[in-house]
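Source file target17.cif; content: mmCIF, C-alpha atoms.
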```
data_protein
loop_
_atom_site.label_atom_id
_atom_site.label_comp_id
_atom_site.auth_asym_id
_atom_site.auth_seq_id
_atom_site.Cartn_x
_atom_site.Cartn_y
_atom_site.Cartn_z
CA MET A 1 1.97 118.47 126.93
CA SER A 2 5.40 120.04 126.46
CA HIS A 3 8.52 118.63 128.11
CA SER A 4 8.85 121.58 130.56
CA SER A 5 5.18 121.48 131.59
CA LYS A 6 5.49 117.69 132.06
CA SER A 7 8.48 118.26 134.39
CA SER A 8 6.72 120.87 136.46
CA PHE A 9 3.62 118.63 136.76
CA LEU A 10 5.87 115.78 137.87
CA GLU A 11 7.55 117.94 140.50
CA GLU A 12 4.21 119.15 141.73
CA ALA A 13 2.78 115.63 141.95
CA ILE A 14 5.85 114.27 143.74
CA GLY A 15 5.72 117.23 146.13
CA LEU A 16 2.11 116.43 147.01
CA LEU A 17 2.88 112.74 147.49
CA VAL A 18 5.86 113.48 149.74
CA GLN A 19 3.80 115.96 151.71
CA HIS A 20 1.02 113.42 152.20
CA PHE A 21 2.92 110.12 152.68
CA GLY A 22 6.43 111.19 153.62
CA ILE A 23 9.62 110.68 151.60
CA LYS A 24 10.33 107.15 152.89
CA ARG A 25 7.00 105.67 151.78
CA VAL A 26 7.18 107.38 148.38
CA ARG A 27 10.71 106.02 147.84
CA ALA A 28 9.62 102.54 148.87
CA ALA A 29 6.66 102.60 146.49
CA LEU A 30 8.61 103.94 143.48
CA PRO A 31 10.16 100.66 142.20
CA GLU A 32 6.72 99.00 142.05
CA VAL A 33 5.20 102.00 140.25
CA ALA A 34 8.13 102.04 137.82
CA ILE A 35 7.75 98.34 136.91
CA GLY A 36 4.00 98.51 136.45
CA GLY A 37 3.61 101.96 134.92
CA ASP A 38 6.58 102.73 132.70
CA GLU A 39 5.80 103.03 129.00
CA GLU A 40 8.64 100.70 128.02
CA THR A 41 7.77 98.02 130.51
CA GLN A 42 4.07 98.11 129.69
CA LYS A 43 4.93 96.30 126.46
CA PRO A 44 4.86 92.56 127.06
CA PRO A 45 8.40 91.18 127.05
CA ARG A 46 9.28 89.28 123.85
CA ARG A 47 10.21 86.19 125.76
CA SER A 48 6.83 85.90 127.41
CA VAL A 49 5.05 86.24 124.06
CA SER A 50 7.04 83.42 122.50
CA CYS A 51 6.57 81.30 125.60
CA ALA A 52 2.84 81.82 125.39
CA GLN A 53 2.78 80.76 121.75
CA LYS A 54 4.89 77.65 122.13
CA PRO A 55 3.79 74.74 124.27
CA PRO A 56 6.33 74.20 127.05
CA ARG A 57 8.85 71.44 126.31
CA PRO A 58 9.10 68.66 128.85
CA PRO A 59 12.20 68.94 130.99
CA VAL A 60 15.15 66.80 129.97
CA ALA A 61 14.81 64.79 133.17
CA ASN A 62 11.29 63.73 132.15
CA ALA A 63 12.41 62.77 128.65
CA LEU A 64 15.24 60.77 130.14
CA GLU A 65 12.90 59.07 132.59
CA SER A 66 10.54 58.11 129.78
CA ILE A 67 13.16 55.80 128.21
CA ARG A 68 14.13 54.08 131.44
CA GLY A 69 11.92 51.06 130.72
CA SER A 70 12.13 50.97 126.93
CA ASP A 71 15.88 51.52 126.57
CA PRO A 72 17.66 51.00 129.90
CA GLU A 73 21.16 51.12 128.38
CA LYS A 74 20.58 54.47 126.72
CA HIS A 75 19.01 55.71 129.95
CA ARG A 76 22.08 54.67 131.91
CA LEU A 77 24.54 56.21 129.45
CA LEU A 78 22.71 59.51 129.27
CA SER A 79 21.97 59.76 132.97
CA GLU A 80 25.65 59.31 133.77
CA PHE A 81 26.59 61.76 131.07
CA LEU A 82 24.12 64.36 132.34
CA GLY A 83 25.49 63.96 135.86
CA HIS A 84 29.06 64.54 134.67
CA LEU A 85 27.87 67.44 132.57
CA LYS A 86 26.11 69.13 135.47
CA ASN A 87 29.16 68.70 137.69
CA ARG A 88 31.40 70.11 134.94
CA GLU A 89 33.42 66.91 134.93
CA ILE A 90 32.87 66.76 131.21
CA LEU A 91 32.62 69.53 128.59
CA PRO A 92 33.36 72.12 131.25
CA GLU A 93 33.02 75.25 129.09
CA SER A 94 30.32 76.43 126.68
CA GLN A 95 32.85 76.26 123.84
CA ASP A 96 33.41 72.57 124.67
CA ILE A 97 29.70 71.87 124.31
CA ARG A 98 29.62 73.78 121.02
CA LEU A 99 32.55 71.75 119.74
CA PHE A 100 31.03 68.49 120.87
CA ALA A 101 27.76 69.47 119.17
CA GLN A 102 29.66 69.96 115.91
CA LEU A 103 31.31 66.61 116.34
CA ILE A 104 28.08 64.68 116.77
CA GLY A 105 26.16 66.48 114.02
CA LEU A 106 24.09 68.96 116.03
CA LYS A 107 24.45 71.89 113.68
CA ASP A 108 23.13 74.84 115.65
CA ILE A 109 23.01 74.47 119.37
CA GLY A 110 21.05 77.42 120.70
CA GLY A 111 22.05 79.62 123.59
CA LYS A 112 25.27 81.19 124.67
CA SER A 113 25.70 79.85 128.15
CA ARG A 114 26.46 76.30 129.09
CA ARG A 115 23.19 76.09 131.01
CA ASP A 116 21.20 77.05 127.91
CA MET A 117 22.96 74.51 125.73
CA ILE A 118 22.63 71.42 127.91
CA PRO A 119 18.89 70.75 127.28
CA ALA A 120 19.32 71.06 123.48
CA LEU A 121 22.33 68.76 123.61
CA MET A 122 20.52 66.17 125.73
CA ARG A 123 17.45 66.19 123.48
CA PHE A 124 19.66 65.58 120.45
CA LEU A 125 21.47 62.74 122.20
CA LEU A 126 18.19 61.16 123.23
CA GLU A 127 17.33 60.75 119.55
CA GLN A 128 20.58 58.97 118.72
CA PRO A 129 20.99 55.18 118.51
CA THR A 130 22.56 53.69 121.62
CA GLU A 131 25.52 52.25 119.70
CA ARG A 132 26.44 55.65 118.36
CA LEU A 133 25.95 57.25 121.76
CA ARG A 134 28.61 55.01 123.27
CA ILE A 135 31.21 56.33 120.83
CA ASP A 136 30.06 59.95 120.98
CA LEU A 137 30.02 60.09 124.76
CA GLN A 138 33.52 58.61 124.93
CA ASN A 139 34.71 61.38 122.62
CA ALA A 140 33.15 63.99 124.87
CA ALA A 141 35.65 63.11 127.57
CA ASN A 142 38.47 64.29 125.29
CA ILE A 143 37.06 67.73 124.65
CA SER A 144 38.35 70.53 126.84
CA GLU A 145 40.48 73.63 126.57
CA GLN A 146 43.28 71.70 128.22
CA GLN A 147 43.05 68.97 125.58
CA ARG A 148 43.05 71.54 122.80
CA GLN A 149 46.14 73.17 124.24
CA GLN A 150 47.83 69.80 124.34
CA GLY A 151 47.19 69.27 120.62
CA PHE A 152 50.62 70.51 119.64
CA SER A 153 52.29 68.22 122.13
CA VAL A 154 50.23 65.22 120.94
CA LEU A 155 51.33 65.79 117.37
CA THR A 156 54.98 66.40 118.12
CA ASP A 157 55.12 63.26 120.27
CA LYS A 158 53.59 61.30 117.41
CA LEU A 159 55.99 62.71 114.84
CA LEU A 160 59.03 62.05 117.01
CA GLY A 161 57.80 58.63 118.06
CA GLU A 162 57.61 59.55 121.73
CA LYS A 163 54.92 58.48 124.19
CA MET B 1 28.84 64.41 89.99
CA ALA B 2 30.88 66.41 92.45
CA VAL B 3 32.63 69.66 91.59
CA CYS B 4 36.31 69.27 92.40
CA VAL B 5 38.37 72.30 93.38
CA SER B 6 42.06 72.36 94.28
CA MET B 7 43.66 75.00 96.48
CA ILE B 8 47.00 75.69 94.88
CA ASN B 9 49.75 78.23 95.23
CA MET B 10 53.43 77.43 94.85
CA LYS B 11 54.09 79.79 97.75
CA GLY B 12 53.68 78.42 101.25
CA GLY B 13 51.93 80.22 104.10
CA VAL B 14 49.27 81.89 101.97
CA GLY B 15 46.39 80.23 103.80
CA LYS B 16 45.54 77.30 101.54
CA THR B 17 44.73 74.95 104.39
CA THR B 18 42.72 77.51 106.36
CA LEU B 19 40.73 78.38 103.28
CA ALA B 20 40.22 74.75 102.25
CA THR B 21 38.88 73.76 105.66
CA GLN B 22 36.69 76.83 106.07
CA ILE B 23 35.20 76.48 102.58
CA ALA B 24 34.50 72.82 103.37
CA TRP B 25 32.77 73.82 106.60
CA TYR B 26 30.75 76.53 104.90
CA ALA B 27 29.48 74.21 102.17
CA THR B 28 28.59 71.57 104.76
CA ARG B 29 26.91 73.82 107.29
CA GLN B 30 25.43 76.70 105.36
CA LEU B 31 24.67 75.05 102.02
CA ASP B 32 23.91 71.54 103.34
CA LYS B 33 26.34 70.05 100.81
CA LYS B 34 28.14 66.75 100.98
CA VAL B 35 31.81 67.60 101.03
CA LEU B 36 34.98 65.57 100.77
CA LEU B 37 38.18 67.30 101.80
CA VAL B 38 41.34 65.65 100.46
CA ASP B 39 44.48 66.53 102.36
CA LEU B 40 47.25 66.34 99.76
CA ASP B 41 49.97 67.89 101.85
CA PRO B 42 52.44 65.62 103.71
CA GLN B 43 52.35 68.12 106.58
CA ALA B 44 48.74 66.97 107.14
CA ASN B 45 47.61 70.25 108.68
CA ALA B 46 44.10 70.03 107.25
CA SER B 47 43.73 66.55 108.79
CA GLN B 48 45.03 67.67 112.16
CA SER B 49 42.71 70.65 112.18
CA VAL B 50 39.51 69.02 110.96
CA MET B 51 39.92 65.79 112.93
CA SER B 52 41.60 67.36 116.01
CA PRO B 53 45.16 66.32 116.90
CA GLN B 54 44.10 63.61 119.35
CA THR B 55 41.64 61.98 116.94
CA TYR B 56 44.13 62.22 114.11
CA VAL B 57 46.84 60.45 116.11
CA THR B 58 44.35 57.81 117.30
CA TYR B 59 43.23 57.31 113.69
CA LEU B 60 46.80 56.72 112.53
CA ASP B 61 47.62 54.50 115.49
CA GLY B 62 44.53 52.45 114.67
CA GLY B 63 45.83 51.82 111.16
CA GLY B 64 43.45 54.27 109.49
CA LEU B 65 44.22 54.69 105.79
CA THR B 66 45.36 57.99 104.37
CA VAL B 67 45.98 59.63 101.04
CA ALA B 68 49.48 58.12 101.17
CA ASP B 69 47.88 54.67 100.86
CA ILE B 70 46.05 55.81 97.72
CA PHE B 71 49.39 56.65 96.11
CA GLU B 72 51.26 53.66 97.46
CA GLN B 73 48.59 50.95 97.16
CA PHE B 74 50.38 49.19 94.28
CA THR B 75 53.89 49.76 95.51
CA PRO B 76 55.42 46.34 96.33
CA THR B 77 57.14 47.68 99.40
CA GLY B 78 54.48 50.24 100.18
CA MET B 79 55.59 51.54 103.53
CA ALA B 80 52.32 53.18 104.38
CA SER B 81 50.22 50.03 104.04
CA GLY B 82 52.71 47.19 104.37
CA SER B 83 52.19 45.10 101.24
CA PRO B 84 50.60 45.96 97.89
CA LYS B 85 46.84 45.51 97.85
CA LYS B 86 43.92 47.10 96.14
CA LEU B 87 42.52 49.77 98.37
CA ASP B 88 38.84 50.03 99.28
CA PRO B 89 38.25 53.76 98.66
CA LEU B 90 35.83 54.12 101.57
CA GLU B 91 38.47 52.89 104.00
CA ALA B 92 40.53 56.01 103.33
CA ILE B 93 37.67 58.34 104.23
CA TYR B 94 37.04 59.61 107.74
CA CYS B 95 33.60 61.07 108.47
CA ARG B 96 34.01 64.27 110.47
CA VAL B 97 30.34 65.19 110.74
CA LYS B 98 26.99 64.33 109.23
CA TYR B 99 24.01 66.60 109.80
CA LYS B 100 20.35 65.63 109.74
CA ASP B 101 19.62 68.06 106.92
CA GLY B 102 22.07 66.36 104.57
CA GLY B 103 25.30 68.30 105.14
CA LEU B 104 28.31 66.00 105.38
CA LEU B 105 32.00 66.62 105.89
CA ASP B 106 34.36 63.75 105.14
CA ILE B 107 38.12 63.88 104.91
CA VAL B 108 40.84 61.80 103.32
CA PRO B 109 43.58 62.42 105.87
CA SER B 110 47.23 62.80 105.01
CA ARG B 111 50.41 61.78 106.77
CA LEU B 112 54.07 62.62 106.57
CA GLU B 113 54.77 59.40 104.66
CA LEU B 114 53.04 60.95 101.65
CA SER B 115 56.38 62.62 100.98
CA TRP B 116 57.74 59.17 100.00
CA THR B 117 55.53 59.37 96.95
CA LEU B 118 57.58 62.36 95.87
CA ARG B 119 60.73 60.20 95.91
CA ASN B 120 59.30 57.55 93.62
CA PRO B 121 56.49 59.18 91.64
CA THR B 122 56.50 57.05 88.49
CA GLY B 123 53.04 56.00 87.37
CA LYS B 124 51.24 57.48 90.36
CA GLU B 125 49.89 60.78 89.05
CA THR B 126 46.45 59.41 88.11
CA LEU B 127 45.86 57.27 91.21
CA LEU B 128 44.10 60.05 93.08
CA ALA B 129 41.85 60.79 90.09
CA ARG B 130 40.91 57.11 89.96
CA PHE B 131 40.10 57.21 93.64
CA VAL B 132 38.00 60.36 93.20
CA ALA B 133 36.12 58.81 90.27
CA LYS B 134 35.05 55.95 92.55
CA VAL B 135 33.69 58.14 95.34
CA GLU B 136 32.59 61.40 93.72
CA GLY B 137 28.99 60.21 93.32
CA ARG B 138 28.65 60.49 97.09
CA TYR B 139 29.55 64.18 97.20
CA ASP B 140 28.59 67.63 95.88
CA LEU B 141 32.00 69.16 96.39
CA ILE B 142 35.53 67.80 96.63
CA ILE B 143 38.22 70.14 97.88
CA ILE B 144 41.89 69.27 97.56
CA ASP B 145 44.35 71.02 99.83
CA CYS B 146 47.68 70.90 97.98
CA SER B 147 51.22 71.24 99.20
CA PRO B 148 53.15 74.30 98.08
CA THR B 149 55.35 72.60 95.51
CA ASP B 150 55.04 71.70 91.85
CA SER B 151 55.30 67.93 92.02
CA ILE B 152 53.53 64.67 91.29
CA LEU B 153 51.04 65.69 93.95
CA THR B 154 50.14 68.88 92.08
CA ASP B 155 49.70 66.91 88.86
CA ALA B 156 47.53 64.42 90.74
CA ALA B 157 45.36 67.35 91.90
CA TYR B 158 45.12 68.73 88.35
CA HIS B 159 43.94 65.34 87.10
CA CYS B 160 41.03 65.43 89.57
CA SER B 161 40.07 69.08 89.38
CA ARG B 162 37.64 71.13 87.38
CA TYR B 163 38.68 74.35 89.16
CA ILE B 164 41.68 75.81 90.91
CA LEU B 165 41.38 78.40 93.65
CA VAL B 166 44.49 80.46 94.33
CA PRO B 167 44.84 82.08 97.75
CA ILE B 168 47.41 84.83 97.62
CA ARG B 169 48.97 87.35 99.95
CA ALA B 170 49.66 90.88 98.85
CA GLU B 171 53.42 90.77 99.21
CA PHE B 172 56.31 90.55 96.79
CA LEU B 173 57.46 86.95 97.32
CA ALA B 174 53.91 85.63 97.46
CA SER B 175 53.12 87.25 94.15
CA ILE B 176 56.11 85.49 92.56
CA GLY B 177 54.50 82.10 93.27
CA PHE B 178 51.58 83.10 91.15
CA PRO B 179 53.25 83.15 87.67
CA LEU B 180 54.89 79.85 88.61
CA LEU B 181 51.43 78.42 89.05
CA ASN B 182 50.41 79.75 85.67
CA ARG B 183 53.37 77.99 84.10
CA SER B 184 52.61 74.77 85.94
CA ILE B 185 48.97 74.75 84.75
CA ARG B 186 49.94 75.53 81.17
CA ALA B 187 52.52 72.74 81.19
CA PHE B 188 49.89 70.31 82.47
CA GLN B 189 47.35 71.39 79.88
CA MET B 190 49.87 70.91 77.09
CA ARG B 191 50.44 67.34 78.25
CA HIS B 192 46.72 66.66 78.73
CA GLU B 193 44.80 68.51 76.05
CA ASP B 194 41.55 66.71 76.81
CA LYS B 195 41.50 67.84 80.42
CA VAL B 196 39.34 70.89 81.21
CA ILE B 197 40.76 72.84 84.10
CA GLU B 198 40.11 76.45 84.99
CA VAL B 199 41.34 78.93 87.59
CA CYS B 200 38.12 80.01 89.27
CA GLY B 201 39.90 82.93 90.87
CA LEU B 202 42.51 84.47 93.08
CA VAL B 203 41.61 85.59 96.54
CA PHE B 204 43.64 88.02 98.63
CA ASN B 205 44.03 86.36 101.95
CA ASP B 206 45.45 86.99 105.39
CA PHE B 207 46.33 90.66 105.07
CA ASN B 208 46.13 93.33 107.71
CA ARG B 209 42.98 95.29 106.97
CA ARG B 210 44.63 98.51 108.14
CA ASP B 211 47.72 97.98 106.04
CA VAL B 212 47.68 100.35 103.12
CA LYS B 213 51.42 100.68 102.80
CA ARG B 214 52.98 101.20 99.41
CA GLU B 215 54.54 97.70 99.30
CA HIS B 216 51.17 96.04 99.73
CA ARG B 217 49.47 98.28 97.24
CA LEU B 218 52.18 97.58 94.67
CA ALA B 219 52.04 93.82 95.22
CA ARG B 220 48.28 93.88 94.93
CA LYS B 221 48.46 95.89 91.71
CA ASP B 222 51.08 93.50 90.29
CA VAL B 223 48.83 90.54 90.96
CA HIS B 224 45.79 92.29 89.49
CA ASP B 225 47.71 93.21 86.34
CA LYS B 226 49.04 89.69 85.87
CA ALA B 227 45.66 88.14 86.60
CA THR B 228 44.10 90.34 83.94
CA LYS B 229 46.81 89.31 81.51
CA TYR B 230 46.19 85.60 82.21
CA GLY B 231 42.42 86.09 82.12
CA TRP B 232 42.13 84.98 85.74
CA TYR B 233 39.38 86.32 87.96
CA VAL B 234 40.22 88.15 91.19
CA PHE B 235 37.60 87.76 93.88
CA GLU B 236 35.91 90.98 94.94
CA ASN B 237 35.65 89.76 98.51
CA ASP B 238 39.00 89.52 100.29
CA ILE B 239 39.71 87.59 103.47
CA PRO B 240 41.54 89.89 105.88
CA HIS B 241 43.68 88.52 108.67
CA SER B 242 42.03 87.45 111.89
CA ASP B 243 43.54 85.52 114.78
CA SER B 244 40.20 83.73 115.03
CA TYR B 245 41.24 81.60 112.05
CA PHE B 246 44.11 80.25 114.17
CA ARG B 247 41.65 79.37 116.89
CA ALA B 248 39.24 77.83 114.38
CA ALA B 249 42.10 75.68 113.07
CA ARG B 250 43.14 74.61 116.54
CA ASP B 251 39.59 73.79 117.63
CA GLY B 252 38.62 72.20 114.32
CA MET B 253 35.65 74.51 114.04
CA PRO B 254 33.99 76.57 111.31
CA ILE B 255 34.76 80.26 111.67
CA ASP B 256 31.10 81.12 112.30
CA ARG B 257 31.08 78.87 115.37
CA THR B 258 34.50 79.80 116.68
CA SER B 259 34.53 81.31 120.12
CA GLY B 260 35.49 84.98 120.07
CA ALA B 261 35.39 85.37 116.29
CA HIS B 262 34.23 88.88 115.46
CA HIS B 263 30.97 89.28 113.55
CA ARG B 264 32.82 91.18 110.84
CA VAL B 265 35.23 88.26 110.30
CA LYS B 266 32.32 85.85 109.88
CA THR B 267 30.54 88.21 107.50
CA GLU B 268 33.64 88.75 105.38
CA PHE B 269 34.25 85.04 105.06
CA ALA B 270 30.60 84.38 104.20
CA ALA B 271 30.73 87.05 101.48
CA PHE B 272 33.79 85.42 99.94
CA ALA B 273 32.26 81.94 100.23
CA GLU B 274 29.06 83.00 98.46
CA GLU B 275 31.09 84.58 95.67
CA PHE B 276 33.23 81.44 95.39
CA PHE B 277 30.28 79.06 95.23
CA GLY B 278 28.68 81.31 92.64
CA ARG B 279 31.84 81.07 90.55
CA ILE B 280 31.89 77.26 90.60
CA GLY B 281 28.13 76.99 90.14
CA LEU B 282 27.37 75.23 93.40
#
```

Can the structure in the file be given as structure tokens, please?
Amino acid sequence: MSHSSKSSFLEEAIGLLVQHFGIKRVRAALPEVAIGGDEETQKPPRRSVSCAQKPPRPPVANALESIRGSDPEKHRLLSEFLGHLKNREILPESQDIRLFAQLIGLKDIGGKSRRDMIPALMRFLLEQPTERLRIDLQNAANISEQQRQQGFSVLTDKLLGEK
Amino acid sequence: MAVCVSMINMKGGVGKTTLATQIAWYATRQLDKKVLLVDLDPQANASQSVMSPQTYVTYLDGGGLTVADIFEQFTPTGMASGSPKKLDPLEAIYCRVKYKDGGLLDIVPSRLELSWTLRNPTGKETLLARFVAKVEGRYDLIIIDCSPTDSILTDAAYHCSRYILVPIRAEFLASIGFPLLNRSIRAFQMRHEDKVIEVCGLVFNDFNRRDVKREHRLARKDVHDKATKYGWYVFENDIPHSDSYFRAARDGMPIDRTSGAHHRVKTEFAAFAEEFFGRIGL
């Protein structure tokens, strides 16, 4: 069917629908028809395919809960850390998380947003020995844009022997 | 045995430190290599960048050893370490990051007191090479970030190195530093005939990609001509200027993970890095 004949068929069909149901009902039904019937959207979204192939990962909260009995100290450290993380009291920007990941040896933290990165970060931390976690989590408190901007001042104070 | 490469140019501000740190990051992250970065500049910029200013200051305040201690370990009144004592090489190494897949980035930090070594250099030029000999089995690559002067520190770097990488800017004064380097290397080789040392190449660095002015073209041609005369390789992949390198330095991050760094900047650096590692056989 040529492009012009397709257009005229479309106009004719819409005309019939409007005549039968009225313009308001046709307008209301259009979004649903568009989602279900469009050629582009008939293809399954890539995300849903990959989700179907991979078994769902347990939420971080579950993983954290699973170590409560076996490693209470690690559980405490990470639960507090996760709380601070969620409240943006620590590593407030996505770049901070990326930097922290580099610092602790997590090479490629997936995702662009902070929300996407937190589960990957927590899973990595869960695998770390508790002793190392103590040091790493302390360092996290020093990572922020504000801290980075103060770098110059920190160095000049050191060089000039000022506090 | 590790391959040891020194970043040298007698001209300052040509991007030695930026290049040294980014090459170290690339080898660690992309090639999963074990890398030791030696900061041989009393200004300690590589240390401040890789460790972050706060960590660097904390490290010094905590009595962490530096490259200055390597040079001053036998000095009776060694001001960096207090009294003369034999240094445990591992105590002068700070681990920046260690990845699960084997990549490792360690650094021997520097400090301003390294400049004291320049005042009393007698008998110290091989101390760094002795240090490197003790630790090189732990690494695939050792990168030395040198200060922009021909001094005991440069000789110390020559003693350690198999290769020299020369970052250069396409401008008149920067190109003058380049024959000085040639002279310095030749003088060293005359004094140490058994030492094999090779310039693995010159890389044009930190230039404005849109700048095609006559001055730049002339400087670039001068460098090319001289490099050909000396038999020195000029890297095909340049590293154009990007403000993202400043941010990478401030954040202590590899360029490919630096926030806001343009894809083109990352690609250009990766192309250079691959060419560089091909040249040194890593």

List the neighbours of stretch 138-153 of chain A out to 7 Å using only C-alpha atoms; skip same-chain residues closer than 2 positions along the sequence, and give me the result as a list in words. Ile90, Leu91, Pro92, Asp96, Phe100, Arg134, Ile135, Asp136, Leu155, Thr156 and Asp157 of chain A; Pro53, Gln54, Arg250 and Asp251 of chain B

To one decimal place in Å, what is the distance between atom CA of B:Trp232 and atom CA of B:Met190?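 Atom-to-atom, atom CA of B:Trp232 and atom CA of B:Met190 are spaced 18.2 Å apart.
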
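Taking atom CA of B:Leu112 as the reference point, atom CA of B:Gln43 is found at 5.8 Å.
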
Check: which chain B residues lie within 6 Å of chain A using all atoms listed in the file, as a list in words: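 Result: Pro53, Val97, Lys98 and Tyr99 of chain B.
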
Selection export as a PDB file, keeping the file's coordinate frame, atoms kept: C-alpha atoms:
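To be explicit, this is the file written out as selection_26.pdb:
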```pdb
ATOM      1  CA  PRO B  53      45.160  66.320 116.900  1.00  0.00           C
ATOM      2  CA  VAL B  97      30.340  65.190 110.740  1.00  0.00           C
ATOM      3  CA  LYS B  98      26.990  64.330 109.230  1.00  0.00           C
ATOM      4  CA  TYR B  99      24.010  66.600 109.800  1.00  0.00           C
TER       5      TYR B  99
END
```

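Reported to one decimal place, the separation of atom CA of A:Met122 from atom CA of A:Ile67 is 13.0 Å.
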
Within 8 Å of stretch 121-130 of chain B, counting all atoms listed in the file, which residues show up once you throw out same-chain ones fewer than 4 positions away? Write them as a ChimeraX atom specification, please. /B:70-71,117,134,152-153,155-157,159-160

Could you add whatever atoms are missing so that stretch 89-104 of chain B carries N, CA and C atoms, then write the result as a JSON list (two decimals), keeping the file's coordinate frame?
```
[["chain", "number", "residue", "atom", "x", "y", "z"],
["B", 89, "PRO", "N", 38.22, 52.29, 98.54],
["B", 89, "PRO", "CA", 38.25, 53.76, 98.66],
["B", 89, "PRO", "C", 37.61, 54.26, 99.95],
["B", 90, "LEU", "N", 36.54, 53.61, 100.38],
["B", 90, "LEU", "CA", 35.83, 54.12, 101.57],
["B", 90, "LEU", "C", 36.65, 53.98, 102.84],
["B", 91, "GLU", "N", 37.63, 53.08, 102.81],
["B", 91, "GLU", "CA", 38.47, 52.89, 104.00],
["B", 91, "GLU", "C", 39.41, 54.07, 104.23],
["B", 92, "ALA", "N", 39.61, 54.86, 103.18],
["B", 92, "ALA", "CA", 40.53, 56.01, 103.33],
["B", 92, "ALA", "C", 39.78, 57.29, 103.67],
["B", 93, "ILE", "N", 38.48, 57.15, 103.96],
["B", 93, "ILE", "CA", 37.67, 58.34, 104.23],
["B", 93, "ILE", "C", 37.22, 58.33, 105.69],
["B", 94, "TYR", "N", 37.46, 59.45, 106.35],
["B", 94, "TYR", "CA", 37.04, 59.61, 107.74],
["B", 94, "TYR", "C", 35.87, 60.60, 107.77],
["B", 95, "CYS", "N", 34.77, 60.19, 108.40],
["B", 95, "CYS", "CA", 33.60, 61.07, 108.47],
["B", 95, "CYS", "C", 33.75, 62.01, 109.66],
["B", 96, "ARG", "N", 33.87, 63.28, 109.39],
["B", 96, "ARG", "CA", 34.01, 64.27, 110.47],
["B", 96, "ARG", "C", 32.66, 64.61, 111.08],
["B", 97, "VAL", "N", 31.67, 64.89, 110.21],
["B", 97, "VAL", "CA", 30.34, 65.19, 110.74],
["B", 97, "VAL", "C", 29.28, 64.96, 109.67],
["B", 98, "LYS", "N", 28.12, 64.54, 110.13],
["B", 98, "LYS", "CA", 26.99, 64.33, 109.23],
["B", 98, "LYS", "C", 25.77, 64.93, 109.89],
["B", 99, "TYR", "N", 25.18, 65.91, 109.22],
["B", 99, "TYR", "CA", 24.01, 66.60, 109.80],
["B", 99, "TYR", "C", 22.72, 65.96, 109.30],
["B", 100, "LYS", "N", 21.67, 66.17, 110.08],
["B", 100, "LYS", "CA", 20.35, 65.63, 109.74],
["B", 100, "LYS", "C", 19.85, 66.17, 108.40],
["B", 101, "ASP", "N", 20.16, 67.45, 108.14],
["B", 101, "ASP", "CA", 19.62, 68.06, 106.92],
["B", 101, "ASP", "C", 20.47, 67.78, 105.68],
["B", 102, "GLY", "N", 21.37, 66.83, 105.77],
["B", 102, "GLY", "CA", 22.07, 66.36, 104.57],
["B", 102, "GLY", "C", 23.52, 66.78, 104.48],
["B", 103, "GLY", "N", 23.90, 67.84, 105.16],
["B", 103, "GLY", "CA", 25.30, 68.30, 105.14],
["B", 103, "GLY", "C", 26.23, 67.21, 105.67],
["B", 104, "LEU", "N", 27.36, 67.06, 105.00],
["B", 104, "LEU", "CA", 28.31, 66.00, 105.38],
["B", 104, "LEU", "C", 29.72, 66.51, 105.14]]
```
